[in-house]
Amino acid sequence: MTSPEGTKFCLESNFIIDLLNGKENAVKVFEEIKNSRLTVTSIASMALFEILRGQEKNQEKVNKFEELRKKLVVLPFGEREAIEASEIEKAQKDKGAAIHSIDIMIGATAKTNGAILISNDKYYQTIQIEGLKLRTY
Amino acid sequence: MSLTFGTYTTNALANVLPSNLVLPMESFWGLDSSSANVWPTWLLEYPRPILPSFSKLHQEIFYGILSDEEAHKAKVELDLFKKRFDDDLSRRNKILFRE
């Protein structure tokens, strides 16, 4: 089964690591969505790609990694995303839930841009951001 | 036990080839009528090669480029990055908003 091309997906950092690691579940989901619009948040991009680039010395691997990078559109963290993130954070504080700022910023970016966030991170399942579409793998 | 030429040629394929290489004749029973039986029996029984699937041939080149150890290390560094980010933001909030 493949997803419609108009659907937008936002790949979370751990999903990308699992994909690069060849984890069966991650590969299966990627095969399903790869013809859709694929995105990554600027925050995840900054965190993940700098880590991987800094860690990897093998040029062939770096080139292969760039093949994935070229498929992803980076979603910026702008004013709309900041407002959404602050609202989510306030709602979580009111509920007395733990605050993971960076995850909230990633969730807010995916939600604001109408993208389905692909993540197995338990935090998103726990806090349940209203209006955020989450896909686990 | 004595083998005749006839029993040897009749049983040899089934005895030697793995069972998944011999096509079951049941698949072709529908063709075995006088009007449809245009293929010689040896052609129907000949083992078909197993080809890799199209999707396997077109797998993305970045699948599996990280070893388990490298993936684990990347996840640990990512968690550290998130923690540092959260701690730093919390520290700034305390300074700015006296939270």
# chains A, B, ... in the order shown; residues from 1 in each chain; ligands from 1
$ residues_around --residues "A:Phe30" --least-positions-apart "2" --cutoff "10 Å" --atoms "only C-alpha atoms" --output "ChimeraX atom specification"
/A:2,11,15-16,19,24-28,32-36,38,118,137 /B:60
$ residues_around --residues "A:Leu117" --least-positions-apart "4" --cutoff "8 Å" --atoms "only C-alpha atoms" --output "mmCIF file with C-alpha atoms, in the first residue's frame"
data_model
loop_
_atom_site.group_PDB
_atom_site.id
_atom_site.type_symbol
_atom_site.label_atom_id
_atom_site.label_comp_id
_atom_site.auth_asym_id
_atom_site.auth_seq_id
_atom_site.Cartn_x
_atom_site.Cartn_y
_atom_site.Cartn_z
ATOM 1 C CA PHE A 9 4.958 13.335 6.222
ATOM 2 C CA CYS A 10 7.429 14.678 8.735
ATOM 3 C CA LEU A 11 10.233 12.243 9.619
ATOM 4 C CA GLU A 12 11.384 12.397 13.219
ATOM 5 C CA GLY A 107 5.303 18.425 17.101
ATOM 6 C CA ALA A 110 4.519 19.103 11.984
ATOM 7 C CA LEU A 132 -1.194 16.435 15.583
ATOM 8 C CA LYS A 133 -1.381 13.387 13.332
ATOM 9 C CA LEU A 134 1.040 10.758 14.562
ATOM 10 C CA ARG A 135 2.165 7.622 12.749
#
$ closest_atom_pairs --of "chain B" --to "chain A" --cutoff "6 Å" --atoms "only C-alpha atoms" --output "Markdown table"
| residue | atom | partner | partner_atom | distance |
| --- | --- | --- | --- | --- |
| B:Phe62 | CA | A:Lys64 | CA | 5.1 |
| B:Tyr63 | CA | A:Gly22 | CA | 4.8 |
| B:Gly64 | CA | A:Gly22 | CA | 3.8 |
| B:Ile65 | CA | A:Leu20 | CA | 5.4 |
| B:Leu66 | CA | A:Asn21 | CA | 4.6 |
| B:Ser67 | CA | A:Asn21 | CA | 5.9 |
| B:Asp86 | CA | A:Ser101 | CA | 5.8 |
$ write_last_selection --atoms "C-alpha atoms" --output "short mmCIF file (atom, residue, chain, number, x, y, z; two decimals), in the first residue's frame"
data_model
loop_
_atom_site.label_atom_id
_atom_site.label_comp_id
_atom_site.auth_asym_id
_atom_site.auth_seq_id
_atom_site.Cartn_x
_atom_site.Cartn_y
_atom_site.Cartn_z
CA PHE B 62 20.78 4.55 2.27
CA TYR B 63 19.02 1.62 3.93
CA GLY B 64 21.30 0.02 6.48
CA ILE B 65 24.31 2.32 6.05
CA LEU B 66 24.56 2.64 9.84
CA SER B 67 25.59 -0.40 11.87
CA ASP B 86 15.92 21.68 27.09
#
$ select_by_dssp --residues "chain A" --states "strand (DSSP E or B)" --output "VMD selection string"
chain A and resid 8 to 11 37 to 41 73 to 75 116 to 118 134 to 135
$ write_last_selection --atoms "N, CA and C atoms" --output "PDB file, in the first residue's frame"
ATOM      1  N   LYS A   8       1.509  14.781   3.311  1.00  0.00           N
ATOM      2  CA  LYS A   8       2.823  15.246   3.746  1.00  0.00           C
ATOM      3  C   LYS A   8       3.233  14.511   5.015  1.00  0.00           C
ATOM      4  N   PHE A   9       4.450  14.044   5.045  1.00  0.00           N
ATOM      5  CA  PHE A   9       4.958  13.335   6.222  1.00  0.00           C
ATOM      6  C   PHE A   9       6.182  14.060   6.769  1.00  0.00           C
ATOM      7  N   CYS A  10       6.281  14.058   8.082  1.00  0.00           N
ATOM      8  CA  CYS A  10       7.429  14.678   8.735  1.00  0.00           C
ATOM      9  C   CYS A  10       8.207  13.561   9.459  1.00  0.00           C
ATOM     10  N   LEU A  11       9.448  13.345   9.058  1.00  0.00           N
ATOM     11  CA  LEU A  11      10.233  12.243   9.619  1.00  0.00           C
ATOM     12  C   LEU A  11      10.978  12.713  10.869  1.00  0.00           C
ATOM     13  N   ARG A  37       5.058  13.690  -0.074  1.00  0.00           N
ATOM     14  CA  ARG A  37       5.934  14.833   0.235  1.00  0.00           C
ATOM     15  C   ARG A  37       6.596  14.563   1.586  1.00  0.00           C
ATOM     16  N   LEU A  38       7.894  14.431   1.589  1.00  0.00           N
ATOM     17  CA  LEU A  38       8.622  14.085   2.812  1.00  0.00           C
ATOM     18  C   LEU A  38       9.326  15.315   3.373  1.00  0.00           C
ATOM     19  N   THR A  39       9.182  15.500   4.659  1.00  0.00           N
ATOM     20  CA  THR A  39       9.786  16.674   5.292  1.00  0.00           C
ATOM     21  C   THR A  39      10.528  16.277   6.561  1.00  0.00           C
ATOM     22  N   VAL A  40      11.302  17.222   7.058  1.00  0.00           N
ATOM     23  CA  VAL A  40      11.975  17.066   8.344  1.00  0.00           C
ATOM     24  C   VAL A  40      11.971  18.458   8.980  1.00  0.00           C
ATOM     25  N   THR A  41      11.840  18.526  10.283  1.00  0.00           N
ATOM     26  CA  THR A  41      11.829  19.845  10.911  1.00  0.00           C
ATOM     27  C   THR A  41      13.253  20.419  10.922  1.00  0.00           C
ATOM     28  N   VAL A  73      12.281  17.908   2.507  1.00  0.00           N
ATOM     29  CA  VAL A  73      12.145  19.364   2.546  1.00  0.00           C
ATOM     30  C   VAL A  73      12.206  19.770   4.018  1.00  0.00           C
ATOM     31  N   VAL A  74      13.026  20.762   4.333  1.00  0.00           N
ATOM     32  CA  VAL A  74      13.165  21.197   5.727  1.00  0.00           C
ATOM     33  C   VAL A  74      12.055  22.201   6.064  1.00  0.00           C
ATOM     34  N   LEU A  75      11.287  21.880   7.102  1.00  0.00           N
ATOM     35  CA  LEU A  75      10.222  22.784   7.555  1.00  0.00           C
ATOM     36  C   LEU A  75      10.830  23.782   8.541  1.00  0.00           C
ATOM     37  N   ILE A 116       2.018  14.582   8.778  1.00  0.00           N
ATOM     38  CA  ILE A 116       1.882  13.454   9.702  1.00  0.00           C
ATOM     39  C   ILE A 116       3.279  13.157  10.265  1.00  0.00           C
ATOM     40  N   LEU A 117       3.405  13.228  11.569  1.00  0.00           N
ATOM     41  CA  LEU A 117       4.707  12.997  12.197  1.00  0.00           C
ATOM     42  C   LEU A 117       4.947  11.498  12.347  1.00  0.00           C
ATOM     43  N   ILE A 118       6.067  11.032  11.827  1.00  0.00           N
ATOM     44  CA  ILE A 118       6.396   9.605  11.950  1.00  0.00           C
ATOM     45  C   ILE A 118       7.389   9.440  13.086  1.00  0.00           C
ATOM     46  N   LEU A 134      -0.161  11.524  14.220  1.00  0.00           N
ATOM     47  CA  LEU A 134       1.040  10.758  14.562  1.00  0.00           C
ATOM     48  C   LEU A 134       0.978   9.389  13.917  1.00  0.00           C
ATOM     49  N   ARG A 135       2.089   8.964  13.321  1.00  0.00           N
ATOM     50  CA  ARG A 135       2.165   7.622  12.749  1.00  0.00           C
ATOM     51  C   ARG A 135       3.344   6.900  13.400  1.00  0.00           C
TER      52      ARG A 135
END
$ select_by_dssp --residues "chain A" --states "helix (DSSP H, G or I)" --output "PyMOL selection string"
chain A and resi 13-20+24-33+42-55+59-71+79-95+101-112+122-127
$ atom_distance --atom1 "atom CA of A:Gly78" --atom2 "atom CA of A:Ala115"
15.6 Å
$ atom_distance --atom1 "atom CA of A:Ala108" --atom2 "atom CA of A:Glu130"
10.0 Å
